[in-house]
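This is structure.txt. It holds compact mmCIF, C-alpha atoms.
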# COMPACT_ATOMS: atom_id res chain seq x y z
CA MET A 19 -21.19 15.28 -13.70
CA SER A 20 -19.13 17.60 -11.52
CA LEU A 21 -15.55 16.81 -10.53
CA LEU A 22 -14.31 17.96 -7.13
CA THR A 23 -10.57 17.81 -6.39
CA TYR A 24 -10.02 18.30 -2.68
CA THR A 25 -6.69 18.79 -0.90
CA PHE A 26 -6.57 18.66 2.89
CA GLU A 27 -4.31 17.76 5.80
CA SER A 28 -5.05 14.23 6.92
CA GLN A 29 -4.83 13.26 10.58
CA TYR A 30 -4.24 9.60 9.67
CA LEU A 31 -1.70 10.16 6.89
CA ASN A 32 0.17 12.98 8.66
CA GLN A 33 0.43 15.00 5.46
CA ASN A 34 -1.60 16.80 2.84
CA THR A 35 -3.48 14.43 0.57
CA GLN A 36 -5.74 14.67 -2.47
CA VAL A 37 -9.01 13.05 -3.45
CA ASN A 38 -11.07 13.28 -6.63
CA ILE A 39 -14.85 13.03 -6.24
CA ILE A 40 -17.34 12.72 -9.08
CA LEU A 41 -20.67 14.29 -8.10
CA PRO A 42 -24.01 14.41 -9.91
CA ASP A 43 -24.48 17.59 -11.93
CA LYS A 44 -27.63 19.70 -11.89
CA PRO A 45 -29.94 18.70 -14.75
CA ARG A 46 -31.17 21.43 -17.06
CA GLY A 47 -34.67 22.56 -16.22
CA ILE A 48 -34.26 22.23 -12.45
CA THR A 49 -33.51 25.29 -10.36
CA PRO A 50 -30.32 25.35 -8.28
CA ASN A 51 -32.42 25.77 -5.14
CA ASP A 52 -34.53 22.68 -5.93
CA PHE A 53 -31.56 20.51 -6.93
CA PHE A 54 -28.98 21.43 -4.32
CA GLY A 55 -31.57 21.78 -1.58
CA SER A 56 -33.32 18.48 -2.26
CA GLY A 57 -31.54 16.60 0.52
CA LYS A 58 -31.06 13.58 -1.76
CA LYS A 59 -28.31 11.15 -0.72
CA TYR A 60 -26.52 9.33 -3.56
CA LYS A 61 -24.99 5.89 -3.80
CA VAL A 62 -21.19 5.91 -3.76
CA LEU A 63 -18.31 3.91 -5.21
CA TRP A 64 -14.98 4.06 -3.37
CA LEU A 65 -12.47 3.51 -6.18
CA LEU A 66 -8.84 2.63 -5.42
CA HIS A 67 -5.76 3.08 -7.63
CA GLY A 68 -2.81 0.73 -8.12
CA THR A 69 0.94 0.87 -7.53
CA TYR A 70 2.65 4.10 -8.68
CA GLY A 71 -0.78 5.72 -9.09
CA ASP A 72 -2.75 8.44 -7.34
CA TYR A 73 -6.20 10.02 -7.07
CA SER A 74 -6.17 11.07 -10.74
CA ASP A 75 -5.57 7.68 -12.39
CA TRP A 76 -9.13 6.50 -12.90
CA ILE A 77 -10.25 9.88 -14.28
CA ARG A 78 -7.33 10.12 -16.72
CA ARG A 79 -7.26 6.54 -17.98
CA THR A 80 -10.87 5.27 -18.01
CA ASN A 81 -14.38 6.48 -18.75
CA ILE A 82 -15.47 6.28 -15.11
CA GLU A 83 -16.95 9.79 -15.27
CA LEU A 84 -19.23 8.68 -18.12
CA TYR A 85 -20.30 5.56 -16.24
CA ALA A 86 -20.99 7.55 -13.08
CA THR A 87 -23.10 9.99 -15.11
CA GLU A 88 -25.15 7.18 -16.60
CA MET A 89 -25.74 5.63 -13.17
CA ASN A 90 -26.23 8.81 -11.10
CA LEU A 91 -23.38 7.67 -8.89
CA VAL A 92 -20.86 9.44 -6.65
CA VAL A 93 -17.30 8.13 -7.08
CA VAL A 94 -14.56 8.83 -4.52
CA MET A 95 -10.92 8.29 -5.59
CA PRO A 96 -8.26 8.79 -2.87
CA SER A 97 -4.48 8.81 -3.07
CA ALA A 98 -2.62 6.03 -1.25
CA LEU A 99 1.05 6.23 -2.32
CA ASN A 100 2.38 2.64 -2.67
CA SER A 101 0.99 1.75 0.76
CA ASN A 102 -0.83 -1.46 -0.21
CA TYR A 103 -3.71 0.19 1.69
CA SER A 104 -2.03 -0.81 4.95
CA ASN A 105 -1.02 1.08 8.09
CA TRP A 106 2.70 1.96 8.16
CA ASN A 107 3.52 3.21 11.64
CA ASP A 108 7.26 3.40 10.92
CA TYR A 109 6.91 5.56 7.80
CA MET A 110 8.07 9.07 8.77
CA LEU A 111 5.35 10.39 11.15
CA GLY A 112 3.16 7.39 10.37
CA TYR A 113 0.96 6.66 7.36
CA ALA A 114 -2.21 4.84 8.43
CA MET A 115 -3.76 4.27 5.01
CA PHE A 116 -5.99 1.37 6.04
CA ASP A 117 -7.58 3.43 8.82
CA TYR A 118 -7.65 6.64 6.76
CA LEU A 119 -10.35 5.42 4.38
CA THR A 120 -12.85 4.23 6.97
CA GLU A 121 -12.04 6.51 9.92
CA GLU A 122 -11.39 9.84 8.15
CA LEU A 123 -12.31 9.98 4.47
CA MET A 124 -15.66 8.22 4.77
CA PRO A 125 -16.88 10.46 7.64
CA LEU A 126 -15.66 13.50 5.70
CA VAL A 127 -17.60 12.53 2.58
CA TYR A 128 -20.74 11.51 4.47
CA GLY A 129 -20.70 14.69 6.53
CA TRP A 130 -19.95 17.26 3.84
CA LEU A 131 -21.42 15.84 0.63
CA PRO A 132 -24.78 14.42 -0.51
CA VAL A 133 -23.69 10.80 -0.05
CA SER A 134 -25.55 7.96 1.67
CA ASP A 135 -23.78 6.20 4.54
CA LYS A 136 -26.09 3.18 4.35
CA ARG A 137 -24.36 -0.13 3.67
CA GLU A 138 -26.65 -0.91 0.76
CA ASP A 139 -25.55 2.30 -0.98
CA ASN A 140 -21.78 1.85 -0.61
CA PHE A 141 -19.51 -0.11 -2.95
CA ILE A 142 -15.75 -0.46 -3.28
CA ALA A 143 -13.46 -1.46 -6.15
CA GLY A 144 -9.82 -1.20 -7.11
CA LEU A 145 -7.17 -2.41 -9.53
CA SER A 146 -3.98 -4.34 -8.73
CA MET A 147 -2.73 -2.84 -5.42
CA GLY A 148 -6.16 -1.21 -5.17
CA GLY A 149 -7.70 -4.64 -5.64
CA ARG A 150 -5.74 -5.92 -2.68
CA GLY A 151 -6.98 -2.95 -0.70
CA THR A 152 -10.54 -3.59 -1.86
CA ILE A 153 -10.71 -7.16 -0.61
CA LYS A 154 -9.00 -6.18 2.63
CA TYR A 155 -11.64 -3.53 3.32
CA ALA A 156 -14.44 -5.87 2.23
CA VAL A 157 -13.54 -8.68 4.63
CA ASN A 158 -12.50 -6.50 7.58
CA HIS A 159 -15.38 -4.02 7.26
CA PRO A 160 -18.18 -6.04 5.64
CA GLU A 161 -20.73 -3.90 7.49
CA LYS A 162 -19.74 -0.87 5.39
CA PHE A 163 -20.06 -2.21 1.82
CA ALA A 164 -22.76 -3.91 -0.21
CA GLY A 165 -20.33 -4.97 -2.93
CA ALA A 166 -16.60 -5.20 -3.67
CA ALA A 167 -14.84 -5.68 -7.02
CA VAL A 168 -11.23 -6.91 -6.94
CA LEU A 169 -9.63 -6.20 -10.32
CA SER A 170 -6.34 -7.91 -11.24
CA ALA A 171 -5.53 -8.98 -7.69
CA VAL A 172 -6.12 -12.05 -5.52
CA PRO A 173 -5.60 -13.01 -1.87
CA MET A 174 -2.23 -14.58 -1.00
CA ASP A 175 -2.06 -18.02 0.66
CA LEU A 176 0.68 -17.61 3.27
CA GLU A 177 0.21 -21.13 4.61
CA THR A 178 1.49 -22.73 1.41
CA MET A 179 3.73 -19.90 0.20
CA CYS A 180 5.59 -19.50 3.48
CA VAL A 181 6.69 -22.93 4.71
CA GLY A 182 9.87 -23.15 6.75
CA ASN A 183 11.71 -21.09 9.32
CA PRO A 184 12.71 -18.51 8.30
CA CYS A 185 10.01 -18.01 5.72
CA PRO A 186 11.48 -18.37 2.19
CA MET A 187 9.41 -15.40 1.06
CA LEU A 188 11.61 -13.11 3.15
CA ASN A 189 14.50 -14.03 0.85
CA LEU A 190 12.67 -13.29 -2.39
CA GLU A 191 13.64 -10.42 -4.63
CA ASP A 192 10.13 -9.06 -4.14
CA GLU A 193 10.89 -6.16 -1.81
CA ARG A 194 7.19 -5.35 -1.35
CA THR A 195 6.41 -8.81 0.02
CA ARG A 196 9.35 -8.71 2.43
CA THR A 197 8.49 -5.19 3.58
CA THR A 198 4.82 -6.07 4.03
CA LEU A 199 5.68 -9.03 6.24
CA ILE A 200 8.17 -6.98 8.25
CA ASN A 201 5.62 -4.17 8.67
CA ALA A 202 3.11 -6.68 10.02
CA GLY A 203 5.63 -7.84 12.63
CA GLY A 204 6.74 -11.03 10.91
CA VAL A 205 5.10 -14.01 9.26
CA GLU A 206 3.08 -15.23 12.23
CA ALA A 207 1.87 -11.72 13.04
CA PHE A 208 0.85 -11.27 9.40
CA LYS A 209 -1.08 -14.54 9.43
CA ASN A 210 -3.08 -13.36 12.47
CA SER A 211 -3.62 -9.78 11.24
CA ASN A 212 -6.22 -8.05 9.10
CA GLU A 213 -3.73 -8.38 6.21
CA ASN A 214 -4.28 -12.13 5.88
CA VAL A 215 -7.35 -11.96 3.68
CA TRP A 216 -7.05 -15.64 2.67
CA ARG A 217 -7.60 -16.71 6.31
CA ILE A 218 -10.45 -14.27 6.88
CA LEU A 219 -12.25 -15.46 3.76
CA ASP A 220 -11.92 -19.05 4.98
CA GLU A 221 -13.54 -18.00 8.26
CA LYS A 222 -16.36 -15.92 6.78
CA ALA A 223 -17.28 -17.85 3.62
CA GLY A 224 -20.86 -19.08 3.85
CA THR A 225 -21.74 -16.91 6.86
CA GLY A 226 -23.70 -14.33 4.84
CA GLU A 227 -21.61 -11.62 6.44
CA LEU A 228 -19.58 -10.63 3.38
CA PRO A 229 -20.64 -8.17 0.67
CA LYS A 230 -21.16 -9.25 -2.92
CA LEU A 231 -17.70 -10.14 -4.21
CA MET A 232 -16.29 -9.98 -7.74
CA PHE A 233 -12.81 -11.04 -8.84
CA ALA A 234 -11.59 -10.09 -12.32
CA CYS A 235 -8.43 -10.95 -14.26
CA GLY A 236 -7.20 -10.79 -17.84
CA GLU A 237 -6.27 -14.22 -19.17
CA GLN A 238 -3.02 -12.87 -20.62
CA ASP A 239 -1.97 -11.45 -17.23
CA ALA A 240 1.02 -13.80 -17.08
CA LEU A 241 1.96 -13.39 -13.43
CA LEU A 242 -1.50 -13.08 -11.93
CA TYR A 243 -3.77 -15.38 -13.96
CA PRO A 244 -2.38 -18.66 -12.52
CA LEU A 245 -2.88 -17.25 -8.99
CA TYR A 246 -6.39 -16.14 -9.97
CA LEU A 247 -7.24 -19.69 -11.08
CA LYS A 248 -5.80 -21.11 -7.84
CA PHE A 249 -7.88 -18.75 -5.75
CA LYS A 250 -11.01 -19.43 -7.81
CA LYS A 251 -10.60 -23.15 -7.12
CA HIS A 252 -10.11 -22.46 -3.41
CA ALA A 253 -13.18 -20.20 -3.34
CA GLU A 254 -15.27 -23.04 -4.76
CA GLU A 255 -13.86 -25.44 -2.15
CA ILE A 256 -14.78 -23.21 0.80
CA GLY A 257 -18.19 -22.24 -0.62
CA LEU A 258 -17.35 -18.57 -1.15
CA ASP A 259 -20.18 -16.80 -2.96
CA ALA A 260 -18.33 -14.73 -5.57
CA TYR A 261 -18.47 -13.78 -9.24
CA PHE A 262 -15.35 -14.49 -11.30
CA PHE A 263 -14.82 -12.44 -14.46
CA ALA A 264 -11.96 -13.32 -16.85
CA ARG A 265 -11.48 -12.34 -20.47
CA PRO A 266 -8.98 -13.51 -23.12
CA GLY A 267 -6.70 -11.01 -24.81
CA TYR A 268 -6.24 -8.75 -21.77
CA ARG A 269 -3.13 -8.29 -19.64
CA HIS A 270 -2.44 -6.17 -16.54
CA GLU A 271 -3.67 -3.04 -18.29
CA TRP A 272 -6.09 -0.14 -18.32
CA ARG A 273 -8.12 -1.56 -21.21
CA PHE A 274 -9.10 -4.43 -18.97
CA TRP A 275 -9.75 -2.26 -15.92
CA ASP A 276 -12.04 0.01 -17.94
CA LEU A 277 -13.92 -3.09 -19.13
CA SER A 278 -14.08 -4.78 -15.74
CA ILE A 279 -15.24 -1.70 -13.80
CA GLN A 280 -18.23 -1.56 -16.14
CA GLU A 281 -18.91 -5.22 -15.38
CA ALA A 282 -18.59 -4.52 -11.67
CA LEU A 283 -21.12 -1.68 -11.79
CA ARG A 284 -23.56 -3.97 -13.59
CA TYR A 285 -22.90 -6.76 -11.07
CA PHE A 286 -23.64 -4.36 -8.22
CA GLY A 287 -26.92 -3.40 -9.91
CA LEU A 288 -25.92 0.25 -10.22
CA ASP A 289 -26.76 0.41 -13.90
CA GLU A 290 -30.41 0.37 -12.87
CA ASN A 291 -30.14 3.78 -11.17
CA GLY A 292 -30.59 5.88 -14.28
CA GLY A 293 -28.67 9.08 -14.90
CA ASN A 294 -29.64 12.72 -14.95
CA PRO A 295 -30.86 14.10 -18.29
CA PHE A 296 -28.71 16.83 -19.89
Rewrite the coordinates I just gave you, this time as structure tokens.
Amino acid sequence: MSLLTYTFESQYLNQNTQVNIILPDKPRGITPNDFFGSGKKYKVLWLLHGTYGDYSDWIRRTNIELYATEMNLVVVMPSALNSNYSNWNDYMLGYAMFDYLTEELMPLVYGWLPVSDKREDNFIAGLSMGGRGTIKYAVNHPEKFAGAAVLSAVPMDLETMCVGNPCPMLNLEDERTRTTLINAGGVEAFKNSNENVWRILDEKAGTGELPKLMFACGEQDALLYPLYLKFKKHAEEIGLDAYFFARPGYRHEWRFWDLSIQEALRYFGLDENGGNPF
């Protein structure tokens, strides 16, 4: 495979940003003119990093390049700071991360690279914070993705976690939760926004509108696994068609994310593509 690292000034992020893109490499025995001029459009995985990470995480800490090679797959890995893949209008000049992916990066990739823009050829996945971003994109833009894999993250039930006025969650030591709710305009605004994935899943479960969904969690992920089990039970109650993947012995760690991204690619059916010979 070929690895493209691209730095550019983003209109939506109001700053320079970086993206890593894994592209199919030219097989031996095919001329450059035949390969690069073929007009072929490849399937693509939009792969999101977690908190404290950036565009380089998946390349440095997993074998995603190997898996992409085996499956003849383009993989796009953006940087997102610690944005929770949300729009932050009050951050400096504004940092519209949620809009950036769909309104800027996707058109850039479709327009400049040999990547298919068809829904059936687009997939999204992410770990931890990137998992929260993944499910947010999947439920708010189901027309763009055929599959979504949420690794070590689950939707948050604000109705049961935020009872009372003011909301007790605003008094928690979890600064991210407080800041997220404030950024949304308060608890009620959050509940009615695109951030409230729990509500949107309730509304869209069983409609056939959503992409294929996968939720993965290590059973030794002490903080997340109980929430994962709660959400799995809720998903069954509302008739959400989703695949749940849990494994013992794994925590909130890269060993699990390397394992679960392989499972996600199989679940999406991308392992049937076949890679280029070398």
Using all atoms listed in the file, find each residue in range 142-252 of chain A having at least one atom no more than 7 Å away from range 89-107 of chain A; report its shortest atom-to-atom pair and that distance in Å (one decimal), rows by chain then rising number, as a Markdown table.
| residue | atom | partner | partner_atom | distance |
| --- | --- | --- | --- | --- |
| A:Met147 | CA | A:Asn102 | CA | 5.7 |
| A:Gly151 | CA | A:Tyr103 | CA | 5.1 |
| A:Asn201 | CA | A:Trp106 | CA | 6.8 |
Dump of C-alpha atoms for the selected residues, as a compact mmCIF listing (two decimals), keeping the file's coordinate frame:
# COMPACT_ATOMS: atom_id res chain seq x y z
CA MET A 147 -2.73 -2.84 -5.42
CA GLY A 151 -6.98 -2.95 -0.70
CA ASN A 201 5.62 -4.17 8.67
Identify the residues within 12 Å of coordinate (-7.7, 7.5, 5.7) (same frame as the file), considering only C-alpha atoms, and give the answer as number ranges by chain.
A: 26-37, 95-99, 101, 103-105, 112-127, 155
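For Phe233 in chain A, the non-local neighbours within 8 Å, defined as residues at least 5 positions apart in the same chain or in other chains and counting only C-alpha atoms, are Ala167, Val168, Leu169, Ser170, Ala171, Val172, Ala260, Tyr261, Phe262 and Phe263 of chain A.
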Point (-5.7, -6.5, -6.7) neighbourhood (12 Å, only C-alpha atoms) written as a PDB file with C-alpha atoms, in the frame of the given file:
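Result written to selection_25.pdb:
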ATOM      1  CA  LEU A  66      -8.840   2.630  -5.420  1.00  0.00           C
ATOM      2  CA  HIS A  67      -5.760   3.080  -7.630  1.00  0.00           C
ATOM      3  CA  GLY A  68      -2.810   0.730  -8.120  1.00  0.00           C
ATOM      4  CA  THR A  69       0.940   0.870  -7.530  1.00  0.00           C
ATOM      5  CA  ASN A 102      -0.830  -1.460  -0.210  1.00  0.00           C
ATOM      6  CA  TYR A 103      -3.710   0.190   1.690  1.00  0.00           C
ATOM      7  CA  ALA A 143     -13.460  -1.460  -6.150  1.00  0.00           C
ATOM      8  CA  GLY A 144      -9.820  -1.200  -7.110  1.00  0.00           C
ATOM      9  CA  LEU A 145      -7.170  -2.410  -9.530  1.00  0.00           C
ATOM     10  CA  SER A 146      -3.980  -4.340  -8.730  1.00  0.00           C
ATOM     11  CA  MET A 147      -2.730  -2.840  -5.420  1.00  0.00           C
ATOM     12  CA  GLY A 148      -6.160  -1.210  -5.170  1.00  0.00           C
ATOM     13  CA  GLY A 149      -7.700  -4.640  -5.640  1.00  0.00           C
ATOM     14  CA  ARG A 150      -5.740  -5.920  -2.680  1.00  0.00           C
ATOM     15  CA  GLY A 151      -6.980  -2.950  -0.700  1.00  0.00           C
ATOM     16  CA  THR A 152     -10.540  -3.590  -1.860  1.00  0.00           C
ATOM     17  CA  ILE A 153     -10.710  -7.160  -0.610  1.00  0.00           C
ATOM     18  CA  LYS A 154      -9.000  -6.180   2.630  1.00  0.00           C
ATOM     19  CA  ALA A 166     -16.600  -5.200  -3.670  1.00  0.00           C
ATOM     20  CA  ALA A 167     -14.840  -5.680  -7.020  1.00  0.00           C
ATOM     21  CA  VAL A 168     -11.230  -6.910  -6.940  1.00  0.00           C
ATOM     22  CA  LEU A 169      -9.630  -6.200 -10.320  1.00  0.00           C
ATOM     23  CA  SER A 170      -6.340  -7.910 -11.240  1.00  0.00           C
ATOM     24  CA  ALA A 171      -5.530  -8.980  -7.690  1.00  0.00           C
ATOM     25  CA  VAL A 172      -6.120 -12.050  -5.520  1.00  0.00           C
ATOM     26  CA  PRO A 173      -5.600 -13.010  -1.870  1.00  0.00           C
ATOM     27  CA  MET A 174      -2.230 -14.580  -1.000  1.00  0.00           C
ATOM     28  CA  VAL A 215      -7.350 -11.960   3.680  1.00  0.00           C
ATOM     29  CA  MET A 232     -16.290  -9.980  -7.740  1.00  0.00           C
ATOM     30  CA  PHE A 233     -12.810 -11.040  -8.840  1.00  0.00           C
ATOM     31  CA  ALA A 234     -11.590 -10.090 -12.320  1.00  0.00           C
ATOM     32  CA  CYS A 235      -8.430 -10.950 -14.260  1.00  0.00           C
ATOM     33  CA  LEU A 242      -1.500 -13.080 -11.930  1.00  0.00           C
ATOM     34  CA  TYR A 243      -3.770 -15.380 -13.960  1.00  0.00           C
ATOM     35  CA  LEU A 245      -2.880 -17.250  -8.990  1.00  0.00           C
ATOM     36  CA  TYR A 246      -6.390 -16.140  -9.970  1.00  0.00           C
ATOM     37  CA  HIS A 270      -2.440  -6.170 -16.540  1.00  0.00           C
ATOM     38  CA  TRP A 275      -9.750  -2.260 -15.920  1.00  0.00           C
TER      39      TRP A 275
END
Take CA of Lys136 in chain A and CA of Trp64 in chain A and report the distance between them in Å, one decimal.
13.6 Å
Which residues, written as an mmCIF file with C-alpha atoms, in the frame of the given file, have at least one atom at most 10 Å from Ile77 in chain A, with only C-alpha atoms counted and residues fewer than 3 positions away on the same chain left out?
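As a result, selection-v4.cif now contains:
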data_model
loop_
_atom_site.group_PDB
_atom_site.id
_atom_site.type_symbol
_atom_site.label_atom_id
_atom_site.label_comp_id
_atom_site.auth_asym_id
_atom_site.auth_seq_id
_atom_site.Cartn_x
_atom_site.Cartn_y
_atom_site.Cartn_z
ATOM 1 C CA LEU A 21 -15.550 16.810 -10.530
ATOM 2 C CA ASN A 38 -11.070 13.280 -6.630
ATOM 3 C CA ILE A 39 -14.850 13.030 -6.240
ATOM 4 C CA ILE A 40 -17.340 12.720 -9.080
ATOM 5 C CA TYR A 73 -6.200 10.020 -7.070
ATOM 6 C CA SER A 74 -6.170 11.070 -10.740
ATOM 7 C CA THR A 80 -10.870 5.270 -18.010
ATOM 8 C CA ASN A 81 -14.380 6.480 -18.750
ATOM 9 C CA ILE A 82 -15.470 6.280 -15.110
ATOM 10 C CA GLU A 83 -16.950 9.790 -15.270
ATOM 11 C CA LEU A 84 -19.230 8.680 -18.120
ATOM 12 C CA MET A 95 -10.920 8.290 -5.590
#
Set the distance at 8 Å and use only C-alpha atoms: which residues neighbour range 221-230 of chain A once local chain neighbours fewer than 2 positions away are removed? I'd like the list as a PyMOL selection string.
chain A and resi 156-157+160-161+163-166+217-219+232+256-260+286
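CA of Leu247 in chain A to CA of Glu271 in chain A spans 18.5 Å [interatomic distance, one decimal].
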Atom pair CA of Asp139 in chain A + CA of Leu288 in chain A, distance 9.5 Å
